[in-house]
$ cat target02.txt   # compact mmCIF, C-alpha atoms
# COMPACT_ATOMS: atom_id res chain seq x y z
CA ALA A 1 -13.30 -9.92 -1.22
CA GLN A 2 -12.10 -13.46 -1.54
CA SER A 3 -14.20 -16.53 -0.82
CA VAL A 4 -13.78 -20.28 -0.79
CA THR A 5 -16.36 -22.97 -1.38
CA GLN A 6 -16.00 -26.61 -0.47
CA PRO A 7 -19.10 -28.21 -1.96
CA ASP A 8 -18.86 -31.48 -0.05
CA ILE A 9 -19.58 -31.32 3.67
CA HIS A 10 -19.00 -35.03 4.22
CA ILE A 11 -17.22 -37.68 2.19
CA THR A 12 -17.02 -41.35 3.06
CA VAL A 13 -14.33 -43.40 1.39
CA SER A 14 -13.09 -46.96 1.81
CA GLU A 15 -9.57 -47.52 3.00
CA GLY A 16 -7.29 -47.95 0.01
CA ALA A 17 -9.59 -46.07 -2.34
CA SER A 18 -8.74 -42.76 -3.91
CA LEU A 19 -9.92 -39.46 -2.50
CA GLU A 20 -10.64 -36.13 -4.12
CA LEU A 21 -11.81 -33.06 -2.23
CA ARG A 22 -13.14 -30.13 -4.17
CA CYS A 23 -12.31 -26.49 -3.59
CA ASN A 24 -13.43 -23.47 -5.58
CA TYR A 25 -12.22 -19.99 -4.83
CA SER A 26 -13.03 -16.45 -5.77
CA TYR A 27 -10.26 -13.88 -5.74
CA GLY A 28 -9.46 -10.95 -7.97
CA ALA A 29 -5.72 -11.46 -8.23
CA THR A 30 -3.35 -14.38 -8.34
CA PRO A 31 -4.28 -16.46 -5.33
CA TYR A 32 -2.19 -18.05 -2.67
CA LEU A 33 -3.94 -21.37 -1.99
CA PHE A 34 -3.64 -23.76 0.90
CA TRP A 35 -5.00 -27.04 2.18
CA TYR A 36 -5.05 -27.68 5.91
CA VAL A 37 -6.05 -30.80 7.79
CA GLN A 38 -7.60 -30.91 11.24
CA SER A 39 -7.54 -34.17 13.14
CA PRO A 40 -10.07 -34.58 15.96
CA GLY A 41 -9.21 -32.37 18.91
CA GLN A 42 -6.22 -30.89 17.15
CA GLY A 43 -5.26 -27.66 15.52
CA LEU A 44 -4.77 -27.26 11.80
CA GLN A 45 -1.77 -28.61 9.99
CA LEU A 46 -0.64 -27.43 6.58
CA LEU A 47 -0.81 -30.14 3.90
CA LEU A 48 0.37 -28.10 0.94
CA LYS A 49 0.34 -24.67 -0.63
CA TYR A 50 0.41 -23.07 -4.04
CA PHE A 51 1.88 -19.67 -4.85
CA SER A 52 3.08 -19.92 -8.44
CA GLY A 53 4.82 -22.20 -10.91
CA ASP A 54 3.91 -25.84 -11.37
CA THR A 55 0.17 -26.19 -10.99
CA LEU A 56 0.45 -29.68 -9.50
CA VAL A 57 1.63 -29.36 -5.92
CA GLN A 58 2.88 -32.17 -3.74
CA GLY A 59 2.29 -32.10 -0.02
CA ILE A 60 2.79 -34.16 3.08
CA LYS A 61 1.13 -37.50 3.85
CA GLY A 62 0.91 -38.40 0.15
CA PHE A 63 -1.50 -35.60 -0.80
CA GLU A 64 -1.36 -33.50 -3.93
CA ALA A 65 -3.45 -30.67 -5.30
CA GLU A 66 -3.89 -29.18 -8.72
CA PHE A 67 -4.46 -25.49 -9.39
CA LYS A 68 -6.74 -24.81 -12.36
CA ARG A 69 -7.05 -21.12 -12.98
CA SER A 70 -9.71 -21.52 -15.69
CA GLN A 71 -11.96 -23.35 -13.24
CA SER A 72 -10.95 -21.37 -10.12
CA SER A 73 -10.32 -24.68 -8.44
CA PHE A 74 -7.69 -26.22 -6.21
CA ASN A 75 -8.77 -29.82 -5.64
CA LEU A 76 -6.97 -32.08 -3.22
CA ARG A 77 -6.26 -35.72 -4.06
CA LYS A 78 -4.77 -38.82 -2.56
CA PRO A 79 -4.42 -42.06 -4.55
CA SER A 80 -4.91 -44.45 -1.63
CA VAL A 81 -6.52 -43.42 1.64
CA HIS A 82 -5.39 -44.71 5.02
CA TRP A 83 -7.60 -44.88 8.11
CA SER A 84 -5.46 -42.13 9.66
CA ASP A 85 -6.64 -39.74 6.93
CA ALA A 86 -10.03 -39.46 8.64
CA ALA A 87 -10.17 -35.77 9.52
CA GLU A 88 -11.61 -32.47 8.44
CA TYR A 89 -9.97 -30.72 5.53
CA PHE A 90 -9.99 -27.01 4.87
CA CYS A 91 -9.13 -25.16 1.70
CA ALA A 92 -8.03 -21.55 2.12
CA VAL A 93 -7.09 -18.60 -0.05
CA GLY A 94 -4.59 -16.04 1.15
CA ALA A 95 -4.80 -12.29 0.74
CA TRP A 96 -1.66 -10.74 2.15
CA ALA A 97 -2.71 -7.30 1.07
CA ALA A 98 -5.61 -7.63 3.49
CA GLY A 99 -3.48 -8.39 6.51
CA ASN A 100 -2.50 -11.95 5.79
CA LYS A 101 -6.08 -13.01 6.06
CA LEU A 102 -6.60 -16.60 5.18
CA THR A 103 -10.18 -17.09 4.06
CA PHE A 104 -11.27 -20.63 4.73
CA GLY A 105 -13.88 -22.82 3.15
CA GLY A 106 -16.46 -24.51 5.34
CA GLY A 107 -14.49 -27.73 5.48
CA THR A 108 -15.01 -31.30 4.30
CA ARG A 109 -15.17 -34.07 6.85
CA VAL A 110 -13.67 -37.32 5.58
CA LEU A 111 -14.73 -40.64 7.04
CA VAL A 112 -12.72 -43.75 6.19
CA LYS A 113 -14.43 -47.14 6.13
CA PRO A 114 -12.33 -50.22 6.87
CA GLU B 115 9.63 -27.77 20.21
CA ALA B 116 8.14 -25.06 18.00
CA GLN B 117 4.58 -24.46 19.01
CA VAL B 118 1.64 -22.16 19.59
CA THR B 119 0.15 -22.64 23.04
CA GLN B 120 -3.36 -21.64 24.00
CA ASN B 121 -4.97 -21.62 27.42
CA PRO B 122 -7.44 -22.65 28.56
CA ARG B 123 -8.22 -25.50 26.19
CA TYR B 124 -11.76 -25.77 27.52
CA LEU B 125 -13.86 -23.22 29.34
CA ILE B 126 -17.47 -22.92 30.37
CA THR B 127 -18.55 -19.50 31.55
CA VAL B 128 -21.65 -17.38 31.97
CA THR B 129 -22.89 -14.37 30.08
CA GLY B 130 -21.10 -11.17 31.01
CA LYS B 131 -18.18 -12.65 32.92
CA LYS B 132 -14.98 -11.30 31.40
CA LEU B 133 -12.46 -13.84 30.24
CA THR B 134 -9.11 -13.99 28.51
CA VAL B 135 -7.74 -16.72 26.28
CA THR B 136 -3.98 -16.60 26.19
CA CYS B 137 -1.81 -17.40 23.19
CA SER B 138 1.94 -17.73 23.16
CA GLN B 139 4.35 -18.75 20.39
CA ASN B 140 8.02 -19.67 20.76
CA MET B 141 9.07 -19.25 17.13
CA ASN B 142 9.80 -15.53 17.19
CA HIS B 143 7.03 -14.97 14.66
CA GLU B 144 6.02 -11.43 13.83
CA TYR B 145 2.49 -12.20 12.73
CA MET B 146 -0.25 -13.58 14.97
CA SER B 147 -3.97 -14.01 14.47
CA TRP B 148 -7.14 -15.29 16.12
CA TYR B 149 -9.80 -17.33 14.37
CA ARG B 150 -13.07 -18.82 15.46
CA GLN B 151 -14.38 -22.06 14.00
CA ASP B 152 -18.08 -22.77 13.71
CA PRO B 153 -19.73 -25.75 11.98
CA GLY B 154 -20.20 -25.19 8.27
CA LEU B 155 -18.50 -21.79 8.38
CA GLY B 156 -14.89 -22.88 8.48
CA LEU B 157 -12.54 -20.52 10.29
CA ARG B 158 -13.16 -16.80 10.39
CA GLN B 159 -10.55 -14.27 11.38
CA ILE B 160 -11.28 -12.20 14.48
CA TYR B 161 -8.17 -10.03 14.86
CA TYR B 162 -4.62 -10.08 13.65
CA SER B 163 -1.32 -8.46 14.54
CA MET B 164 1.52 -7.81 12.13
CA ASN B 165 3.94 -6.97 14.91
CA VAL B 166 4.20 -5.69 18.46
CA GLU B 167 1.72 -2.90 19.18
CA VAL B 168 0.13 -3.33 15.73
CA THR B 169 -3.29 -4.98 15.66
CA ASP B 170 -6.25 -4.81 13.32
CA LYS B 171 -9.73 -6.22 12.89
CA GLY B 172 -10.49 -9.31 10.91
CA ASP B 173 -13.87 -10.37 9.63
CA VAL B 174 -15.69 -10.89 12.94
CA PRO B 175 -14.16 -8.59 15.58
CA GLU B 176 -17.36 -7.59 17.41
CA GLY B 177 -17.27 -8.51 21.09
CA TYR B 178 -13.53 -9.17 21.17
CA LYS B 179 -10.39 -7.29 22.08
CA VAL B 180 -6.73 -8.13 21.65
CA SER B 181 -3.38 -6.73 22.64
CA ARG B 182 0.18 -7.32 21.49
CA LYS B 183 2.54 -5.94 24.10
CA GLU B 184 5.16 -8.62 23.51
CA LYS B 185 6.12 -10.44 20.36
CA ARG B 186 5.35 -13.90 21.72
CA ASN B 187 1.94 -13.23 23.30
CA PHE B 188 -1.40 -12.34 21.75
CA PRO B 189 -4.28 -12.70 24.22
CA LEU B 190 -7.91 -12.66 23.16
CA ILE B 191 -10.22 -10.82 25.54
CA LEU B 192 -13.98 -11.20 25.80
CA GLU B 193 -15.09 -8.28 27.95
CA SER B 194 -18.72 -9.39 28.22
CA PRO B 195 -19.18 -12.81 26.66
CA SER B 196 -22.49 -13.74 25.11
CA PRO B 197 -23.86 -17.15 24.03
CA ASN B 198 -23.16 -16.38 20.35
CA GLN B 199 -19.47 -16.40 21.21
CA THR B 200 -19.66 -20.08 22.03
CA SER B 201 -17.15 -21.46 19.59
CA LEU B 202 -13.79 -23.11 19.03
CA TYR B 203 -11.02 -20.55 18.95
CA PHE B 204 -7.62 -20.89 17.29
CA CYS B 205 -4.56 -18.75 17.60
CA ALA B 206 -2.08 -18.84 14.74
CA SER B 207 1.29 -17.32 13.93
CA SER B 208 3.70 -16.97 11.03
CA TRP B 209 7.00 -15.27 10.20
CA ASP B 210 5.38 -12.31 8.55
CA HIS B 211 2.17 -11.18 6.94
CA SER B 212 3.06 -11.96 3.36
CA ASN B 213 1.12 -15.20 3.19
CA THR B 214 4.06 -16.94 1.56
CA GLY B 215 4.74 -18.75 4.75
CA GLU B 216 2.87 -21.29 6.76
CA LEU B 217 0.43 -20.38 9.48
CA PHE B 218 1.09 -22.40 12.64
CA PHE B 219 -1.99 -23.11 14.70
CA GLY B 220 -2.53 -23.77 18.36
CA GLU B 221 -4.64 -26.74 19.43
CA GLY B 222 -7.72 -24.64 20.00
CA SER B 223 -9.77 -23.38 22.93
CA ARG B 224 -13.35 -24.54 23.18
CA LEU B 225 -15.46 -21.88 24.83
CA THR B 226 -19.05 -22.30 26.00
CA VAL B 227 -20.99 -19.26 27.17
CA LEU B 228 -24.19 -20.05 29.07

$ encode --input "target02.txt" --output "structure tokens"
Amino acid sequence: AQSVTQPDIHITVSEGASLELRCNYSYGATPYLFWYVQSPGQGLQLLLKYFSGDTLVQGIKGFEAEFKRSQSSFNLRKPSVHWSDAAEYFCAVGAWAAGNKLTFGGGTRVLVKP
Amino acid sequence: EAQVTQNPRYLITVTGKKLTVTCSQNMNHEYMSWYRQDPGLGLRQIYYSMNVEVTDKGDVPEGYKVSRKEKRNFPLILESPSPNQTSLYFCASSWDHSNTGELFFGEGSRLTVL
């Protein structure tokens, strides 16, 4: 069975600083990987996804993520954080053979200091 | 506007009183799913449906029922709610079950069982 670990529960970053959120996954086959963002009181919105090809994936809102098979990681990055990026971020691995189950990590809450 | 709509958004109930959380999508999606979100655990899949009249258990189905009589609707039923079902619930949908597409989430339903 697949699993996802997000080692950082909380991250505080200053506005304008760079941000990196870590994600490690466990899956026996080639993974489908996703990052979702959840703003307070809202549902989840897809930031980006990786299926195959270029291991550096660009997403919305200036985010990017890099797939590293050797490290089983899919870390999310943003060069310069805006106050509106304060939210909870979820990494997920997809297993369509198991009924399109997205297995989510526990989430990382990002706080942005002015 | 393309969306997944859940109702109610907030509900406080008592142990044993049956309740239904409705979910409707207007995107003609085949696939629909329910998740619950608990602190530190991320989102866990309760049930999913690949198409009308086809449903299956996710990771945490105990205490829940679903039905898919129409393509657009996928209600979540708690026949006899218990306090451990206090959680934030999300309905999601996508075009199919292949995981190559995006999951669209509703805004969530916060349920408290006393």

$ axis_aligned_box --input "target02.txt" --around "segment 186-196 of chain B" --padding-each-side "5 Å" --output "JSON"
{"center_x": -8.6, "center_y": -11.1, "center_z": 25.0, "size_x": 37.8, "size_y": 15.6, "size_z": 16.5}

$ interface_residues --input "target02.txt" --of "chain B" --to "chain A" --cutoff "8 Å" --atoms "all atoms listed in the file" --output "mmCIF file with C-alpha atoms, in the coordinates of the input"
data_model
loop_
_atom_site.group_PDB
_atom_site.id
_atom_site.type_symbol
_atom_site.label_atom_id
_atom_site.label_comp_id
_atom_site.auth_asym_id
_atom_site.auth_seq_id
_atom_site.Cartn_x
_atom_site.Cartn_y
_atom_site.Cartn_z
ATOM 1 C CA PRO B 153 -19.730 -25.750 11.980
ATOM 2 C CA GLY B 154 -20.200 -25.190 8.270
ATOM 3 C CA LEU B 155 -18.500 -21.790 8.380
ATOM 4 C CA GLY B 156 -14.890 -22.880 8.480
ATOM 5 C CA LEU B 157 -12.540 -20.520 10.290
ATOM 6 C CA ARG B 158 -13.160 -16.800 10.390
ATOM 7 C CA GLN B 159 -10.550 -14.270 11.380
ATOM 8 C CA TYR B 162 -4.620 -10.080 13.650
ATOM 9 C CA MET B 164 1.520 -7.810 12.130
ATOM 10 C CA GLY B 172 -10.490 -9.310 10.910
ATOM 11 C CA PHE B 204 -7.620 -20.890 17.290
ATOM 12 C CA HIS B 211 2.170 -11.180 6.940
ATOM 13 C CA SER B 212 3.060 -11.960 3.360
ATOM 14 C CA ASN B 213 1.120 -15.200 3.190
ATOM 15 C CA THR B 214 4.060 -16.940 1.560
ATOM 16 C CA GLU B 216 2.870 -21.290 6.760
ATOM 17 C CA LEU B 217 0.430 -20.380 9.480
ATOM 18 C CA PHE B 218 1.090 -22.400 12.640
ATOM 19 C CA PHE B 219 -1.990 -23.110 14.700
ATOM 20 C CA GLY B 220 -2.530 -23.770 18.360
ATOM 21 C CA GLU B 221 -4.640 -26.740 19.430
ATOM 22 C CA GLY B 222 -7.720 -24.640 20.000
#

$ atom_distance --input "target02.txt" --atom1 "atom CA of Glu176 of chain B" --atom2 "atom CA of Ile160 of chain B"
8.2 Å

$ residues_around --input "target02.txt" --residues "Pro175 of chain B" --least-positions-apart "4" --cutoff "12 Å" --atoms "all atoms listed in the file" --output "ChimeraX atom specification"
/B:147-150,158-162,169-171,179-180,190-192,199

$ residues_near_point --input "target02.txt" --point "(0.6, -23.9, 23.3)" --cutoff "10 Å" --atoms "all atoms listed in the file" --output "PyMOL selection string"
chain B and resi 116-123+136-140+205+219-222

$ atom_distance --input "target02.txt" --atom1 "atom CA of Glu144 of chain B" --atom2 "atom CA of Asn165 of chain B"
5.0 Å

$ atom_distance --input "target02.txt" --atom1 "atom CA of Glu193 of chain B" --atom2 "atom CA of Gly177 of chain B"
7.2 Å

$ build_atoms --input "target02.txt" --residues "segment 82-93 of chain A" --atoms "all heavy atoms" --output "short mmCIF file (atom, residue, chain, number, x, y, z; two decimals), in the coordinates of the input"
data_model
loop_
_atom_site.label_atom_id
_atom_site.label_comp_id
_atom_site.auth_asym_id
_atom_site.auth_seq_id
_atom_site.Cartn_x
_atom_site.Cartn_y
_atom_site.Cartn_z
N HIS A 82 -5.67 -43.91 3.82
CA HIS A 82 -5.39 -44.71 5.02
C HIS A 82 -6.38 -44.30 6.11
O HIS A 82 -6.90 -43.18 6.09
CB HIS A 82 -3.94 -44.43 5.45
CG HIS A 82 -3.46 -45.28 6.57
ND1 HIS A 82 -3.44 -44.84 7.88
CD2 HIS A 82 -2.98 -46.55 6.59
CE1 HIS A 82 -2.97 -45.80 8.66
NE2 HIS A 82 -2.68 -46.84 7.91
N TRP A 83 -6.62 -45.20 7.06
CA TRP A 83 -7.60 -44.88 8.11
C TRP A 83 -7.22 -43.59 8.85
O TRP A 83 -8.07 -42.85 9.32
CB TRP A 83 -7.72 -46.05 9.11
CG TRP A 83 -6.47 -46.34 9.88
CD1 TRP A 83 -5.51 -47.26 9.58
CD2 TRP A 83 -6.02 -45.69 11.08
NE1 TRP A 83 -4.50 -47.23 10.49
CE2 TRP A 83 -4.78 -46.27 11.43
CE3 TRP A 83 -6.54 -44.68 11.89
CZ2 TRP A 83 -4.07 -45.88 12.56
CZ3 TRP A 83 -5.84 -44.30 13.01
CH2 TRP A 83 -4.61 -44.89 13.34
N SER A 84 -5.91 -43.32 8.94
CA SER A 84 -5.46 -42.13 9.66
C SER A 84 -5.77 -40.84 8.91
O SER A 84 -5.55 -39.74 9.45
CB SER A 84 -3.95 -42.21 9.91
OG SER A 84 -3.25 -42.29 8.68
N ASP A 85 -6.27 -40.94 7.69
CA ASP A 85 -6.64 -39.74 6.93
C ASP A 85 -8.03 -39.23 7.31
O ASP A 85 -8.45 -38.16 6.83
CB ASP A 85 -6.61 -40.02 5.43
CG ASP A 85 -5.20 -40.30 4.93
OD1 ASP A 85 -4.26 -39.63 5.41
OD2 ASP A 85 -5.04 -41.19 4.06
N ALA A 86 -8.73 -39.94 8.17
CA ALA A 86 -10.03 -39.46 8.64
C ALA A 86 -9.82 -38.17 9.42
O ALA A 86 -9.12 -38.15 10.44
CB ALA A 86 -10.69 -40.51 9.51
N ALA A 87 -10.41 -37.10 8.94
CA ALA A 87 -10.17 -35.77 9.52
C ALA A 87 -11.07 -34.78 8.81
O ALA A 87 -11.85 -35.14 7.92
CB ALA A 87 -8.70 -35.36 9.37
N GLU A 88 -10.93 -33.53 9.18
CA GLU A 88 -11.61 -32.47 8.44
C GLU A 88 -10.57 -31.68 7.66
O GLU A 88 -9.49 -31.36 8.18
CB GLU A 88 -12.39 -31.54 9.38
CG GLU A 88 -13.29 -30.58 8.64
CD GLU A 88 -14.45 -30.06 9.47
OE1 GLU A 88 -14.38 -30.13 10.71
OE2 GLU A 88 -15.45 -29.59 8.87
N TYR A 89 -10.90 -31.37 6.44
CA TYR A 89 -9.97 -30.72 5.53
C TYR A 89 -10.51 -29.35 5.13
O TYR A 89 -11.68 -29.21 4.79
CB TYR A 89 -9.76 -31.58 4.28
CG TYR A 89 -9.05 -32.88 4.59
CD1 TYR A 89 -9.75 -33.96 5.13
CD2 TYR A 89 -7.68 -33.01 4.38
CE1 TYR A 89 -9.10 -35.15 5.43
CE2 TYR A 89 -7.02 -34.20 4.68
CZ TYR A 89 -7.74 -35.26 5.22
OH TYR A 89 -7.09 -36.43 5.52
N PHE A 90 -9.60 -28.38 5.18
CA PHE A 90 -9.99 -27.01 4.87
C PHE A 90 -9.13 -26.47 3.74
O PHE A 90 -7.90 -26.54 3.78
CB PHE A 90 -9.80 -26.10 6.09
CG PHE A 90 -10.75 -26.39 7.21
CD1 PHE A 90 -10.39 -27.24 8.24
CD2 PHE A 90 -12.02 -25.81 7.24
CE1 PHE A 90 -11.26 -27.51 9.28
CE2 PHE A 90 -12.90 -26.08 8.27
CZ PHE A 90 -12.52 -26.93 9.30
N CYS A 91 -9.80 -25.90 2.77
CA CYS A 91 -9.13 -25.16 1.70
C CYS A 91 -9.15 -23.68 2.11
O CYS A 91 -10.11 -23.21 2.74
CB CYS A 91 -9.89 -25.37 0.40
SG CYS A 91 -9.19 -24.55 -1.04
N ALA A 92 -8.10 -22.96 1.75
CA ALA A 92 -8.03 -21.55 2.12
C ALA A 92 -7.34 -20.75 1.02
O ALA A 92 -6.45 -21.27 0.33
CB ALA A 92 -7.29 -21.37 3.44
N VAL A 93 -7.74 -19.52 0.88
CA VAL A 93 -7.09 -18.60 -0.05
C VAL A 93 -6.51 -17.45 0.75
O VAL A 93 -7.14 -16.95 1.68
CB VAL A 93 -8.07 -18.10 -1.14
CG1 VAL A 93 -9.25 -17.35 -0.53
CG2 VAL A 93 -7.36 -17.20 -2.14
#
